[in-house]
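**Q** Here it is, the structure, as structure tokens.
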Amino acid sequence: MKAVRRLGGWAVGQAVLVTLFLAAEPPNRLTAQDTSRISEAQSVLSALVESYGVSGMEAPVRATVQRLLPNWVRTDTDTAGNLWVRTGQGGSPVVIIAHLDEIGFRVDTINADGTLGLRNRGGFILSLFEARPALIHTDRADIPGIFLPRDTGFTRRTPPPLRVSVGATSRAGAESLGVRLGQTITMPKRYVRLAGTRATGRSFDDRMGCAALILALRRLDRTKLKHPVIFIFSTREEIGLEGAAAAARQLGTSTRRVHAIDTFVSADSPLELPNFAVAPIGAGAVARALDNSSITPPAYVDSLAALARARGVAVQIGTTNGGNDGSTFTQFGVVDVAMGWPLRYSHSPAEVVDLKDLLSLADMVRAVAEDW
């Protein structure tokens, strides 16, 4: 197997974080145990991906998580909609958090011509949605529609605001179909297995993180826990880490440390420059040593890497853009040791992941709960 090594230094104040990527070509064959675990991971991830939950409307995803958790788990839902799983005994807990929500839109206006004006729920490239199918999510059934394209192909720099058509020609016509203000809208999605251990779909951010928590809880050895561990499936991350902020206020300074489990937005794609945020997919989970919202102290990054070596888990270390839920805890003096997985084409209709990275991430979640 051919190894590829990339080194890069990132100065932060007086400290220097060195990012090290040691990737190998994925093996052509999987053992019987690997195949079984891949199958389990896929069953969990596909169910989560195919559940819809735009920021603020995460109930369907929360219900899917509850269905997939092991039988011993008892859950609580707080006033922010976060789903909590508590285990272990003692004082200061370790918090492991992944978010339930996905990017999308909210119906902001029903126009006189029957089209729908939208408000973003999370950030992304709007042109990716033009002339694509849409689903308006209601309490009873989804209403099909289409994201309308721009009127001319010569508008490039400033595309017009997105609108959705449900086939109506008047406000009354749209309302007669069941459209109401405040309903959420997404593009339809489906989990699709690709060659080997690769898969494509939409909203892997952060269904991969939620899947990692579920898989870790299924194999967690609770007799090894040295302190309480709280697993949180958070809400409204895409619109400002709101659910995590509510949890952080509730726990305050009592938290031992927090592990945010979220996407590592990787430049591992054909058109990206390989000089920042590179973590090859299929090479393992990623320690998010630095992003736009938090910096993990180098000693904690080293400890995480040592734990991965001791457990025989493939882990990469890198820096990327974006924020994470754990950063809401740092104002209380809590260290944020964020982890993720490499995602190709983040926040697009055709994201690509590798299921081996999901297993690696689940193993690291279990490791930080049991051994650290």
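By order in the structure tokens, chains are A, B, ...; within a chain, residues start at 1; ligands start at 1, following the order shown.
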Can you pull out the residues contacting Gln89 (chain A)? Cut-off 10 Å, using only C-alpha atoms, and skip same-chain residues under 2 positions away; I want them as a ChimeraX atom specification.
**A** /A:86-87,91-93,222,225-229
**Q** List the spatial neighbours of Arg193 (chain A) as a list of chain:residue names - criterion: any atom at most 10 Å away, only C-alpha atoms, same-chain residues fewer than 5 positions off excluded.
**A** A:Gln42, A:Ser46, A:Arg198, A:Ala199, A:Thr200, A:Gly201, A:Val352, A:Val353, A:Asp354, A:Leu355
**Q** Please report, as a VMD selection string, each residue of region 225-291 of chain A to which DSSP assigns strand (DSSP E or B) when run on this structure's backbone.
**A** chain A and resid 229 to 234 257 to 261 264 to 265 285 to 290
**Q** Wanna dump the region 221-259 of chain A-region 60-80 of chain A contacts at 10 Å for me, each residue with its shortest atom pair and the distance in Å to one decimal, counting only C-alpha atoms, ordered by chain and number, as CSV?
**A**
```
residue,atom,partner,partner_atom,distance
A:Phe231,CA,A:Thr75,CA,9.7
A:Ile232,CA,A:Thr77,CA,9.6
A:Phe233,CA,A:Arg62,CA,7.8
A:Ser234,CA,A:Ala80,CA,8.4
A:Thr235,CA,A:Ala80,CA,7.1
A:Arg236,CA,A:Ala80,CA,8.8
A:Glu242,CA,A:Ala80,CA,8.1
A:Gly243,CA,A:Ala80,CA,5.7
A:Ala244,CA,A:Ala80,CA,8.8
A:Ala245,CA,A:Ala80,CA,9.4
A:Ala246,CA,A:Ala80,CA,6.7
A:Ala247,CA,A:Ala80,CA,8.2
A:Gln250,CA,A:Asp78,CA,10.0
```
**Q** Convert the current residue selection to file output with C-alpha atoms, as a short mmCIF file (atom, residue, chain, number, x, y, z; two decimals), in the first residue's frame.
**A**
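Dumped everything to out-v8.cif:
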```
data_model
loop_
_atom_site.label_atom_id
_atom_site.label_comp_id
_atom_site.auth_asym_id
_atom_site.auth_seq_id
_atom_site.Cartn_x
_atom_site.Cartn_y
_atom_site.Cartn_z
CA PHE A 231 -24.49 12.14 24.82
CA ILE A 232 -26.45 15.04 23.32
CA PHE A 233 -28.20 15.11 19.95
CA SER A 234 -28.57 18.86 19.50
CA THR A 235 -30.91 21.13 17.57
CA ARG A 236 -30.53 24.24 15.41
CA GLU A 242 -28.67 27.32 19.42
CA GLY A 243 -29.43 23.89 20.88
CA ALA A 244 -25.85 23.39 22.05
CA ALA A 245 -25.83 26.83 23.63
CA ALA A 246 -28.91 25.89 25.67
CA ALA A 247 -27.23 22.68 26.83
CA GLN A 250 -27.63 24.20 31.67
#
```
**Q** For the atom pair CA of Gln316 (chain A) and CA of Ile97 (chain A), what is the interatomic distance in Å to one decimal place?
**A** 19.6 Å
**Q** Name the closest residue to His99 (chain A) among the candidates A:Met208, A:Leu217, A:Ile230, A:Leu290; distances are taken between atoms, counting only C-alpha atoms.
**A**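 Residue with the minimum atom-to-atom distance to His99 (chain A): A:Met208.
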**Q** Tell me which protein, DNA and RNA residues are within 12 Å of Thr263 (chain A), counting only C-alpha atoms, leaving out same-chain ones fewer than 6 positions away, and put them as a ChimeraX atom specification.
**A** /A:98-99,203-210,212,238,277,279,281,285-288,291,318-325,338-347,351-353,357-358,361
**Q** How would the residues just chosen look if you wrote them out with C-alpha atoms as a PDB file, in the first residue's frame?
**A**
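What follows is the written file selection17.pdb:
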```pdb
ATOM      1  CA  ALA A  98     -23.711  15.870  17.501  1.00  0.00           C
ATOM      2  CA  HIS A  99     -26.457  17.858  15.804  1.00  0.00           C
ATOM      3  CA  SER A 203     -27.423  15.833   5.031  1.00  0.00           C
ATOM      4  CA  PHE A 204     -24.508  13.597   6.021  1.00  0.00           C
ATOM      5  CA  ASP A 205     -23.762  16.749   8.025  1.00  0.00           C
ATOM      6  CA  ASP A 206     -24.463  15.791  10.774  1.00  0.00           C
ATOM      7  CA  ARG A 207     -26.172  12.429  10.367  1.00  0.00           C
ATOM      8  CA  MET A 208     -22.711  10.835  10.332  1.00  0.00           C
ATOM      9  CA  GLY A 209     -22.081  12.370  13.756  1.00  0.00           C
ATOM     10  CA  CYS A 210     -25.430  11.130  15.089  1.00  0.00           C
ATOM     11  CA  ALA A 212     -21.333   7.607  15.354  1.00  0.00           C
ATOM     12  CA  GLU A 238     -26.961  25.216  11.307  1.00  0.00           C
ATOM     13  CA  ALA A 277      -8.426  21.297   5.202  1.00  0.00           C
ATOM     14  CA  ALA A 279      -8.256  14.868   5.094  1.00  0.00           C
ATOM     15  CA  ILE A 281     -12.010  10.247   2.816  1.00  0.00           C
ATOM     16  CA  ALA A 285     -11.877  10.075  11.624  1.00  0.00           C
ATOM     17  CA  VAL A 286     -10.387  13.543  12.029  1.00  0.00           C
ATOM     18  CA  ALA A 287      -9.399  15.517  15.100  1.00  0.00           C
ATOM     19  CA  ARG A 288     -10.585  19.081  14.330  1.00  0.00           C
ATOM     20  CA  ASP A 291     -11.679  25.725  13.073  1.00  0.00           C
ATOM     21  CA  GLY A 318      -6.372  18.735  10.667  1.00  0.00           C
ATOM     22  CA  THR A 319      -7.717  22.254  10.539  1.00  0.00           C
ATOM     23  CA  THR A 320     -10.794  23.390   8.659  1.00  0.00           C
ATOM     24  CA  ASN A 321     -13.413  26.115   8.327  1.00  0.00           C
ATOM     25  CA  GLY A 322     -16.780  26.217  10.084  1.00  0.00           C
ATOM     26  CA  GLY A 323     -17.898  26.057  13.684  1.00  0.00           C
ATOM     27  CA  ASN A 324     -18.914  23.288  16.071  1.00  0.00           C
ATOM     28  CA  ASP A 325     -21.355  22.809  18.943  1.00  0.00           C
ATOM     29  CA  ALA A 338     -13.780  18.340  18.490  1.00  0.00           C
ATOM     30  CA  MET A 339     -13.761  15.325  16.186  1.00  0.00           C
ATOM     31  CA  GLY A 340     -15.274  14.644  12.809  1.00  0.00           C
ATOM     32  CA  TRP A 341     -14.965  12.738   9.560  1.00  0.00           C
ATOM     33  CA  PRO A 342     -13.903  13.891   6.085  1.00  0.00           C
ATOM     34  CA  LEU A 343     -16.840  14.903   3.891  1.00  0.00           C
ATOM     35  CA  ARG A 344     -16.596  15.549   0.160  1.00  0.00           C
ATOM     36  CA  TYR A 345     -18.903  18.200  -1.396  1.00  0.00           C
ATOM     37  CA  SER A 346     -20.298  19.412   1.937  1.00  0.00           C
ATOM     38  CA  HIS A 347     -23.795  20.990   1.930  1.00  0.00           C
ATOM     39  CA  GLU A 351     -22.185  14.606  -0.590  1.00  0.00           C
ATOM     40  CA  VAL A 352     -19.780  11.643  -0.495  1.00  0.00           C
ATOM     41  CA  VAL A 353     -18.611   9.742   2.595  1.00  0.00           C
ATOM     42  CA  ASP A 357     -14.609   6.734   8.489  1.00  0.00           C
ATOM     43  CA  LEU A 358     -17.926   6.299  10.306  1.00  0.00           C
ATOM     44  CA  LEU A 361     -15.371   7.882  14.390  1.00  0.00           C
TER      45      LEU A 361
END
```
